[in-house]
Amino acid sequence: MFNTSPALKLTNHGRQKRSHGTIFTKKIQLKAYSYCDSQKGDEYIRYDVSYVSAHVISVAWSDYTYCNGAPHGFLETGGDNRVLDQGSRELVPSDVFATGWKEKLQRLFLNALLETGWKPRDDEEKRSVLDTVTEPKKWVFTHDGLSVSFGAYDSGCYACNPRTTTIRWINLMPLLTAGSLLH
């Protein structure tokens, strides 16, 4: 997850405590290959432990890169979900969801996004967002439910991404398997 290339110079390391986990933030001055195409810039990487149980840990991460002189930076977001009692392997949908989960989860997220006022510009943008919410690497489990954050171009347009959206556990319960690692 974190690039430790010697071409990157660590310029700041911060650590904050929050009620549901620890946040690790790193600011890196870019000196080599990056989104900046050999220009200089800054990269901010953040990790947030958002959910821990006897079986699963969920870590949210974001990576914001700004190239000096650019009109805006690039934001990537995601989650790293691990099954602790099985060798810290990646969590897969069948660890959590029953058959038919994909379409139901998409419907829940679409309704939640529309309630926030987000409106897709076209069917392609809608499809892109619905595909994103079914990617396990975008999932972040919290004590409130399942959250998905959208990176700079997850919906195809830098400025038209929906905001982070959470589906509450009460709404997710019908989608979970009987042996879900999140019960």
# chains A, B, ... in the order shown; residues from 1 in each chain; ligands from 1
>>> select_by_dssp(residues="region 24-153 of chain A", states="strand (DSSP E or B)", output="ChimeraX atom specification")
/A:24-30,41-52,56-67,74-83,89-90,97,139-141,145-148
>>> write_last_selection(atoms="N, CA and C atoms", output="short mmCIF file (atom, residue, chain, number, x, y, z; two decimals), in the first residue's frame")
data_model
loop_
_atom_site.label_atom_id
_atom_site.label_comp_id
_atom_site.auth_asym_id
_atom_site.auth_seq_id
_atom_site.Cartn_x
_atom_site.Cartn_y
_atom_site.Cartn_z
N PHE A 24 -2.81 7.52 10.43
CA PHE A 24 -1.42 7.76 10.10
C PHE A 24 -1.42 8.61 8.84
N THR A 25 -0.76 9.74 8.87
CA THR A 25 -0.69 10.63 7.72
C THR A 25 0.76 10.85 7.36
N LYS A 26 1.08 10.74 6.10
CA LYS A 26 2.44 10.99 5.64
C LYS A 26 2.39 11.99 4.51
N LYS A 27 3.30 12.98 4.56
CA LYS A 27 3.48 13.90 3.45
C LYS A 27 4.81 13.54 2.82
N ILE A 28 4.81 13.37 1.52
CA ILE A 28 6.01 12.95 0.81
C ILE A 28 6.29 13.95 -0.29
N GLN A 29 7.53 14.36 -0.42
CA GLN A 29 7.91 15.21 -1.52
C GLN A 29 8.33 14.31 -2.67
N LEU A 30 7.67 14.47 -3.81
CA LEU A 30 7.92 13.59 -4.95
C LEU A 30 9.20 14.00 -5.67
N GLY A 41 6.21 17.71 -6.76
CA GLY A 41 4.89 17.83 -6.17
C GLY A 41 4.88 17.23 -4.78
N ASP A 42 3.70 17.11 -4.21
CA ASP A 42 3.53 16.53 -2.88
C ASP A 42 2.51 15.42 -2.94
N GLU A 43 2.69 14.45 -2.07
CA GLU A 43 1.76 13.34 -1.95
C GLU A 43 1.41 13.18 -0.48
N TYR A 44 0.12 13.09 -0.20
CA TYR A 44 -0.37 12.90 1.16
C TYR A 44 -1.06 11.55 1.23
N ILE A 45 -0.57 10.70 2.09
CA ILE A 45 -1.14 9.35 2.24
C ILE A 45 -1.70 9.25 3.64
N ARG A 46 -2.93 8.75 3.73
CA ARG A 46 -3.61 8.66 5.02
C ARG A 46 -4.17 7.25 5.20
N TYR A 47 -4.01 6.70 6.40
CA TYR A 47 -4.56 5.40 6.78
C TYR A 47 -5.43 5.61 8.01
N ASP A 48 -6.59 5.00 8.03
CA ASP A 48 -7.52 5.14 9.15
C ASP A 48 -8.08 3.77 9.49
N VAL A 49 -7.75 3.25 10.66
CA VAL A 49 -8.32 1.98 11.11
C VAL A 49 -9.76 2.26 11.49
N SER A 50 -10.69 1.72 10.72
CA SER A 50 -12.10 2.09 10.87
C SER A 50 -12.96 1.01 11.53
N TYR A 51 -12.48 -0.24 11.53
CA TYR A 51 -13.29 -1.32 12.10
C TYR A 51 -12.37 -2.46 12.50
N VAL A 52 -12.57 -2.97 13.70
CA VAL A 52 -11.80 -4.13 14.16
C VAL A 52 -12.75 -5.03 14.93
N VAL A 56 -12.10 -9.54 11.64
CA VAL A 56 -11.83 -8.64 10.52
C VAL A 56 -11.25 -7.31 11.00
N ILE A 57 -10.33 -6.78 10.20
CA ILE A 57 -9.88 -5.40 10.37
C ILE A 57 -10.10 -4.68 9.04
N SER A 58 -10.58 -3.45 9.12
CA SER A 58 -10.82 -2.64 7.93
C SER A 58 -10.06 -1.32 8.06
N VAL A 59 -9.24 -1.03 7.06
CA VAL A 59 -8.43 0.19 7.05
C VAL A 59 -8.79 1.00 5.82
N ALA A 60 -9.20 2.24 6.04
CA ALA A 60 -9.46 3.17 4.93
C ALA A 60 -8.14 3.86 4.59
N TRP A 61 -7.91 4.10 3.31
CA TRP A 61 -6.73 4.82 2.91
C TRP A 61 -7.09 5.84 1.84
N SER A 62 -6.31 6.91 1.80
CA SER A 62 -6.44 7.88 0.72
C SER A 62 -5.05 8.33 0.33
N ASP A 63 -4.90 8.64 -0.93
CA ASP A 63 -3.63 9.06 -1.49
C ASP A 63 -3.91 10.27 -2.38
N TYR A 64 -3.47 11.45 -1.92
CA TYR A 64 -3.69 12.68 -2.66
C TYR A 64 -2.35 13.17 -3.18
N THR A 65 -2.25 13.35 -4.49
CA THR A 65 -1.03 13.82 -5.12
C THR A 65 -1.31 15.16 -5.78
N TYR A 66 -0.45 16.14 -5.51
CA TYR A 66 -0.55 17.44 -6.17
C TYR A 66 0.78 17.72 -6.86
N CYS A 67 0.72 17.96 -8.15
CA CYS A 67 1.91 18.30 -8.92
C CYS A 67 2.03 19.83 -8.97
N PHE A 74 -4.79 14.85 -7.57
CA PHE A 74 -5.44 13.59 -7.87
C PHE A 74 -5.70 12.87 -6.56
N LEU A 75 -6.91 12.40 -6.35
CA LEU A 75 -7.26 11.67 -5.13
C LEU A 75 -7.63 10.25 -5.47
N GLU A 76 -7.01 9.31 -4.80
CA GLU A 76 -7.39 7.90 -4.87
C GLU A 76 -7.79 7.48 -3.47
N THR A 77 -8.81 6.64 -3.37
CA THR A 77 -9.28 6.15 -2.06
C THR A 77 -9.55 4.66 -2.15
N GLY A 78 -9.58 4.03 -0.99
CA GLY A 78 -9.91 2.62 -0.97
C GLY A 78 -9.91 2.07 0.44
N GLY A 79 -10.06 0.77 0.50
CA GLY A 79 -10.05 0.09 1.77
C GLY A 79 -9.21 -1.17 1.69
N ASP A 80 -8.66 -1.54 2.80
CA ASP A 80 -7.93 -2.80 2.91
C ASP A 80 -8.60 -3.57 4.03
N ASN A 81 -9.28 -4.65 3.68
CA ASN A 81 -10.05 -5.46 4.63
C ASN A 81 -9.40 -6.83 4.74
N ARG A 82 -9.04 -7.20 5.95
CA ARG A 82 -8.31 -8.44 6.19
C ARG A 82 -9.04 -9.34 7.17
N VAL A 83 -8.95 -10.65 6.90
CA VAL A 83 -9.49 -11.66 7.80
C VAL A 83 -8.35 -12.07 8.72
N ARG A 89 -5.55 -12.77 5.42
CA ARG A 89 -5.84 -12.77 3.98
C ARG A 89 -6.86 -11.68 3.65
N GLU A 90 -6.93 -11.32 2.36
CA GLU A 90 -7.90 -10.32 1.93
C GLU A 90 -9.31 -10.85 2.09
N PHE A 97 -21.20 -11.54 2.13
CA PHE A 97 -22.49 -11.45 1.45
C PHE A 97 -22.98 -12.78 0.89
N TRP A 139 -14.28 -0.93 -0.35
CA TRP A 139 -15.10 -1.05 0.86
C TRP A 139 -14.31 -0.67 2.11
N VAL A 140 -14.99 0.06 2.98
CA VAL A 140 -14.46 0.36 4.31
C VAL A 140 -15.59 0.06 5.29
N PHE A 141 -15.36 -0.93 6.14
CA PHE A 141 -16.36 -1.27 7.15
C PHE A 141 -16.14 -0.37 8.36
N GLY A 145 -21.63 0.84 9.38
CA GLY A 145 -22.01 0.05 8.20
C GLY A 145 -20.87 -0.06 7.22
N LEU A 146 -21.22 -0.08 5.94
CA LEU A 146 -20.26 -0.20 4.85
C LEU A 146 -20.17 1.14 4.13
N SER A 147 -18.96 1.70 4.07
CA SER A 147 -18.73 2.98 3.41
C SER A 147 -17.92 2.78 2.14
N VAL A 148 -18.20 3.63 1.16
CA VAL A 148 -17.41 3.68 -0.06
C VAL A 148 -17.09 5.15 -0.31
#
>>> residues_around(residues="Ala112 (chain A)", least_positions_apart="3", cutoff="9 Å", atoms="only C-alpha atoms", output="ChimeraX atom specification")
/A:107-109,115-116,165-167
>>> write_last_selection(atoms="N, CA and C atoms", output="short mmCIF file (atom, residue, chain, number, x, y, z; two decimals), in the first residue's frame")
data_model
loop_
_atom_site.label_atom_id
_atom_site.label_comp_id
_atom_site.auth_asym_id
_atom_site.auth_seq_id
_atom_site.Cartn_x
_atom_site.Cartn_y
_atom_site.Cartn_z
N ARG A 107 -28.19 -1.26 -5.60
CA ARG A 107 -29.46 -0.55 -5.41
C ARG A 107 -29.43 0.27 -4.13
N LEU A 108 -28.92 -0.32 -3.04
CA LEU A 108 -28.82 0.41 -1.77
C LEU A 108 -27.94 1.67 -1.91
N PHE A 109 -26.79 1.51 -2.56
CA PHE A 109 -25.90 2.66 -2.73
C PHE A 109 -26.50 3.69 -3.67
N GLU A 115 -30.30 10.23 -2.58
CA GLU A 115 -30.82 10.98 -1.43
C GLU A 115 -29.90 12.11 -1.02
N THR A 116 -28.60 11.99 -1.31
CA THR A 116 -27.66 13.07 -0.97
C THR A 116 -27.68 14.19 -2.00
N THR A 165 -20.21 7.59 1.02
CA THR A 165 -21.56 7.16 1.37
C THR A 165 -21.48 5.88 2.18
N THR A 166 -22.32 5.80 3.22
CA THR A 166 -22.35 4.63 4.10
C THR A 166 -23.74 4.01 4.07
N ILE A 167 -23.76 2.69 3.91
CA ILE A 167 -25.01 1.93 4.05
C ILE A 167 -25.00 1.33 5.45
#
>>> closest_residue(among="A:Thr164, A:Gln106, A:Asn111, A:Gln39", to="Ala70 (chain A)", atoms="only C-alpha atoms")
A:Gln39
>>> closest_residue(among="A:Pro136, A:Pro120, A:Gly151, A:Gly69", to="Asp95 (chain A)", atoms="only C-alpha atoms")
A:Pro136
>>> atom_distance(atom1="CA of Ser149 (chain A)", atom2="CA of Val133 (chain A)")
8.8 Å
